[in-house]
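Working notes for the structure below.
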Protein chains: 6
Amino acid sequence: KKAGDDVDLGHRGELDLSEKYNYDLSRAQLKASSRTSALLAGFAMVCLVELQYDQSTPKPLLIVLGVVTSLLVSVHLLALMMSTCILPYMEATGCTQDSPHIKLKFYIDLSWLFSTCIGLLLFLVEIGVIFYVKFTAVGYPTAGYITTAMLVPVGVVFVVFSYLIHKNRVSHSLGRFKHKVDTMKQFLDV
Amino acid sequence: KKAGDDVDLGHRGELDLSEKYNYDLSRAQLKASSRTSALLAGFAMVCLVELQYDQSTPKPLLIVLGVVTSLLVSVHLLALMMSTCILPYMEATGCTQDSPHIKLKFYIDLSWLFSTCIGLLLFLVEIGVIFYVKFTAVGYPTAGYITTAMLVPVGVVFVVFSYLIHKNRVSHSLGRFKHKVDTMKQFLDV
Amino acid sequence: KKAGDDVDLGHRGELDLSEKYNYDLSRAQLKASSRTSALLAGFAMVCLVELQYDQSTPKPLLIVLGVVTSLLVSVHLLALMMSTCILPYMEATGCTQDSPHIKLKFYIDLSWLFSTCIGLLLFLVEIGVIFYVKFTAVGYPTAGYITTAMLVPVGVVFVVFSYLIHKNRVSHSLGRFKHKVDTMKQFLDV
Amino acid sequence: KKAGDDVDLGHRGELDLSEKYNYDLSRAQLKASSRTSALLAGFAMVCLVELQYDQSTPKPLLIVLGVVTSLLVSVHLLALMMSTCILPYMEATGCTQDSPHIKLKFYIDLSWLFSTCIGLLLFLVEIGVIFYVKFTAVGYPTAGYITTAMLVPVGVVFVVFSYLIHKNRVSHSLGRFKHKVDTMKQFLDV
Amino acid sequence: KKAGDDVDLGHRGELDLSEKYNYDLSRAQLKASSRTSALLAGFAMVCLVELQYDQSTPKPLLIVLGVVTSLLVSVHLLALMMSTCILPYMEATGCTQDSPHIKLKFYIDLSWLFSTCIGLLLFLVEIGVIFYVKFTAVGYPTAGYITTAMLVPVGVVFVVFSYLIHKNRVSHSLGRFKHKVDTMKQFLDV
Amino acid sequence: KKAGDDVDLGHRGELDLSEKYNYDLSRAQLKASSRTSALLAGFAMVCLVELQYDQSTPKPLLIVLGVVTSLLVSVHLLALMMSTCILPYMEATGCTQDSPHIKLKFYIDLSWLFSTCIGLLLFLVEIGVIFYVKFTAVGYPTAGYITTAMLVPVGVVFVVFSYLIHKNRVSHSLGRFKHKVDTMKQFLDV
């Protein structure tokens, strides 16, 4: 019977380790997303107030500017809200079953996605739009086309890198879990 | 008699744990709300000073701008005042019965609500108003309507997420308490 | 004789605890007031330099603006000076009888009052004045009246909350002291 | 057989030390690159929004400005994305075989290269371009030529120093590895 | 002979304690002065670049503005240089006889005086001058007189508080030293 | 033979202490120089973008401004690059023979010299040039002469203080080394 207990304890210890990993990961993600979002929301707001445009700016450009800027600010404010709402609860519970990182996993991942992926991509779009507005204002939209043409491959590289890093991490986690289960099995057989 | 003492101690230990949780939570909330409020009050102030409007801006828009901006600044200054007033006392007492987080719970929750919910929602409203002022200044209020139309669903998502995160946490706390009481009962029966 | 020594030591330990509380409180207050003052002095200075007013601004408004802004900056600079002057001495002595938080209590409380109460209230007044200047510049002072009317109840709420938090804390400290003395008496009687 | 085990353990300990070095290095690099990129992306964005140019600015200059600024911002945003994406995973796993710094070495090095080498070099180019735009605006492009002439040797010094520091570090690592292997061999022979 | 050794050790311990106090004090002062100076130098620089004045500004005012601003920036840059030059040496030696806080006491005190007293006083003067420039620009120097009249008592309060805090601290140190010597004497007599 | 070993160990311990001092010093210097350079580069960049000059500015002044500003930014960017490149390697190796602070001593000292001496001196020159540009723009270059006349003695004081602090530290290090060697000799003789 004692051996069974040991197995059980080993199993629970294994779970605890994996839980600790998830807890630490969620906390580090929330911290990083709150820092990144605060920084980028700050800049998006400066854009919002200080960018000058006049009556000659083409109307569709104004609409695109309005839509992209408000999406950008919204995405970062949502990420900021979610991370500042969940972090104090996680820090108060510590790495236990009560920690909100288990039930609120969806919001943590969303906050992360908003601030590091969608938020940064929208930023690249915003930069393209700003250059468009500025170059149109001095009567030379061609420079705007060139800048946009340059930002498209950057955006593609951005998405590809994001995807590769993410895929790598997920396969990692899976491999990690498999490896641990195997190790545990070996341990029990001997 | 010794068993009774143990139960008593266990009970007190249980309470202490729950108190420690409340203390840590209050402190983390105050810290987060003071950081968020300082950031957002800072931006609201830059808006206040640097946003340009001229004589052609429609009068009702000016009133809305004045009301929203001063509400936004007030809410964040109140949250900042409450958190900087209470935090030093909490840090000086440590997690004891004397800590002000018990009697001043109302102000801590209010400070939290102001900086993470009402304050951020007002921010979304402010962004809509600023776009309105800027797009009206260049004679194209339609872009303002579109931006506002986009910010309405964002605001709804914001409120819904806030509510779901909050509900989840409260039911959590209740479940947590119940679970602990049950564990304690089981402990006493055996 | 040994019992007397113990009582004496207990008594001294009690005093040390209360001293430690005062030391930690003073230090946390000085740190918080130096951070808040630096932030708000920074904004007041930006207001000072970047706010635009022209010849048509009513003269009394200019006087009010000058008086409020310089009071605001002065109050925060004084708080900053007092906190940065006293903190290094407190940190060097540690929690001992030599620590300046005992003799310089008045300056610590003043620094605290300046940065969290008077300083923040002046800030609300400053916001009202800035809106007045800006709305007068575009020929619509009515919006300024409305903003001011809104800031008055906020100021009242601010003062009331400040007072309630402060009162609560003082009665706390008194209750705390009484409770400790009682505990000590009980301890000695048994 | 025990000696073989010891050798094996020594070998593994050696590897662990080298792994710990790689882990600490990757983490410190990611942290530094995220800090530097945030700072410089922030300034590039201020340039983007606040730099004034008018219709008389030569067209090729506008194109160069657009291309350099968007490259600069892109490079720093990519570095920021890569470092904020990988860091939480590294901090959650700790220095283990599961840490992503082994599989994602390429992205860590790229992030580092982007923020400390290419990003800073582009910055020097950007400064040259800004001076060009500003001096052309006041009708005196000669000052722009002189500034550019001065920035060329600075850029060369920059590249040379980067290269020397980098080479030194790599030869270091190699020397270090060799030295350790030799020490280990000596240890096994005696 | 052993008693003599003990006395000697006690004496040395006493000195060590006083040295530790001086070391901690110097370090805390340098840190505080570097932080304050960076903040205020930053603002003084913004004033320098962004303050607008035109041809109608009275000539003596321009001279006063130039002199006060450059003094202000110089004082803070000197304090910053002295503190960033000495701090790394203090942190590397730790609290030993080699620590530069003994030989470089003069520079530490000067850095402290520059950033917390002279630097902040010059700041009050600068604010008065800025208001003068701004109110003269809108043709109403009377508001400038009133602001200056208000800043004079603030400056007096500032100097008096500085002096009282400083005196208090010095008498403290002396009292502290005397008390320690007395304690030591008593210890030796018994 | 054992005594010889002890001497050897003592000798090595001595070296280790001196190495630890050099390691800690290099690290503190790199940290301080990266912080100072980031701050000052930030301001130099704001100057670069926001300073307004028009067609009437004398041509030689524009050249001086361009040269000083780009030198200032270059010096701080080089210091920033060197410190962010070397620090992660130092932190990963810890205080060992592999730490790059031994081979890269030259770059660490250069980074230090750039950010705390040359960088700050160039800053004083930049302030003088900015005042010149601004006062020339309002047609009163005399105020510029006076400001420059004031900054010359400040620069001299700056250089003298830098030199005295540096000399003091070097003689310190030498004295320190000598003293240690003497102590060690005495130890071996007895």
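By convention in this document, the chains of the structure tokens carry letters A, B, ... by their order, each chain's residues are numbered from 1, and ligands are numbered from 1 in the order they are shown.
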Quick one: which residues from chain B are at most 9 Å off chain C, using only C-alpha atoms, as a PDB file with C-alpha atoms, in the first residue's frame?
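That gives us iface.pdb:
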ATOM      1  CA  ALA B  38      -1.015  57.709 -12.226  1.00  0.00           C
ATOM      2  CA  GLY B  42      -1.039  61.699 -16.701  1.00  0.00           C
ATOM      3  CA  MET B  45      -3.813  65.873 -18.231  1.00  0.00           C
ATOM      4  CA  VAL B  46      -1.830  65.978 -21.462  1.00  0.00           C
ATOM      5  CA  LEU B  48      -6.434  68.662 -21.186  1.00  0.00           C
ATOM      6  CA  VAL B  49      -3.541  70.992 -21.969  1.00  0.00           C
ATOM      7  CA  GLU B  50      -2.529  70.031 -25.497  1.00  0.00           C
ATOM      8  CA  GLN B  52      -6.526  72.247 -29.628  1.00  0.00           C
ATOM      9  CA  TYR B  53     -10.076  73.355 -30.346  1.00  0.00           C
ATOM     10  CA  ASP B  54     -11.279  76.495 -31.978  1.00  0.00           C
ATOM     11  CA  GLN B  55     -14.344  78.689 -32.166  1.00  0.00           C
ATOM     12  CA  SER B  56     -16.085  76.492 -34.742  1.00  0.00           C
ATOM     13  CA  THR B  57     -16.235  73.463 -32.432  1.00  0.00           C
ATOM     14  CA  LYS B  59     -20.843  74.022 -28.151  1.00  0.00           C
ATOM     15  CA  PRO B  60     -22.414  70.760 -26.870  1.00  0.00           C
ATOM     16  CA  LEU B  62     -17.191  71.349 -25.683  1.00  0.00           C
ATOM     17  CA  ILE B  63     -19.475  70.692 -22.719  1.00  0.00           C
ATOM     18  CA  VAL B  64     -19.200  66.914 -23.188  1.00  0.00           C
ATOM     19  CA  GLY B  66     -15.170  69.333 -20.336  1.00  0.00           C
ATOM     20  CA  VAL B  67     -17.440  66.989 -18.351  1.00  0.00           C
ATOM     21  CA  SER B  70     -12.797  66.429 -15.584  1.00  0.00           C
ATOM     22  CA  LEU B  71     -14.649  63.253 -14.513  1.00  0.00           C
ATOM     23  CA  VAL B  73      -9.104  63.237 -14.040  1.00  0.00           C
ATOM     24  CA  SER B  74     -11.199  63.362 -10.834  1.00  0.00           C
ATOM     25  CA  VAL B  75     -11.782  59.614 -10.762  1.00  0.00           C
ATOM     26  CA  LEU B  77      -6.985  61.543  -8.665  1.00  0.00           C
ATOM     27  CA  LEU B  78      -9.447  60.164  -6.094  1.00  0.00           C
ATOM     28  CA  LEU B  80      -4.571  57.907  -6.389  1.00  0.00           C
ATOM     29  CA  MET B  81      -5.340  59.768  -3.149  1.00  0.00           C
ATOM     30  CA  MET B  82      -7.094  56.780  -1.579  1.00  0.00           C
ATOM     31  CA  THR B  84      -1.415  56.572  -1.452  1.00  0.00           C
ATOM     32  CA  CYS B  85      -3.229  57.411   1.821  1.00  0.00           C
ATOM     33  CA  ILE B  86      -3.936  53.814   2.835  1.00  0.00           C
ATOM     34  CA  LEU B  87      -0.856  51.939   1.560  1.00  0.00           C
ATOM     35  CA  PRO B  88       1.731  53.353   4.033  1.00  0.00           C
ATOM     36  CA  TYR B  89      -0.500  52.349   6.967  1.00  0.00           C
ATOM     37  CA  MET B  90      -0.937  48.840   5.592  1.00  0.00           C
ATOM     38  CA  GLU B  91       2.791  48.455   5.042  1.00  0.00           C
ATOM     39  CA  ALA B  92       3.607  49.718   8.533  1.00  0.00           C
ATOM     40  CA  THR B  93       1.202  47.387  10.357  1.00  0.00           C
ATOM     41  CA  ASP B  98      -4.566  46.625  13.148  1.00  0.00           C
ATOM     42  CA  SER B  99      -4.106  46.819   9.413  1.00  0.00           C
ATOM     43  CA  PRO B 100      -6.494  49.391   7.884  1.00  0.00           C
ATOM     44  CA  LYS B 103     -12.021  48.953   8.331  1.00  0.00           C
ATOM     45  CA  LEU B 104     -11.144  50.778   5.112  1.00  0.00           C
ATOM     46  CA  TYR B 107     -12.224  52.789   0.146  1.00  0.00           C
TER      47      TYR B 107
END
| query | Suppose you want the space between CA of Leu61 (chain E) and CA of Val152 (chain E); what is it in Å? | reply |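 If I compute the distance from CA of Leu61 (chain E) to CA of Val152 (chain E), I get 17.7 Å.
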| request: Mind listing the alpha helix (DSSP H) residues of region 34-118 of chain F, per DSSP on the backbone, as a ChimeraX atom specification? | output: /F:34-50,59-93,105-113
| field | Length of the CA of Val133 (chain B) to CA of Leu65 (chain A) vector [Å] | value | 14.5 Å
| Between CA of Gly94 (chain A) and CA of Tyr163 (chain B), what is the spacing in Å? | 23.0 Å
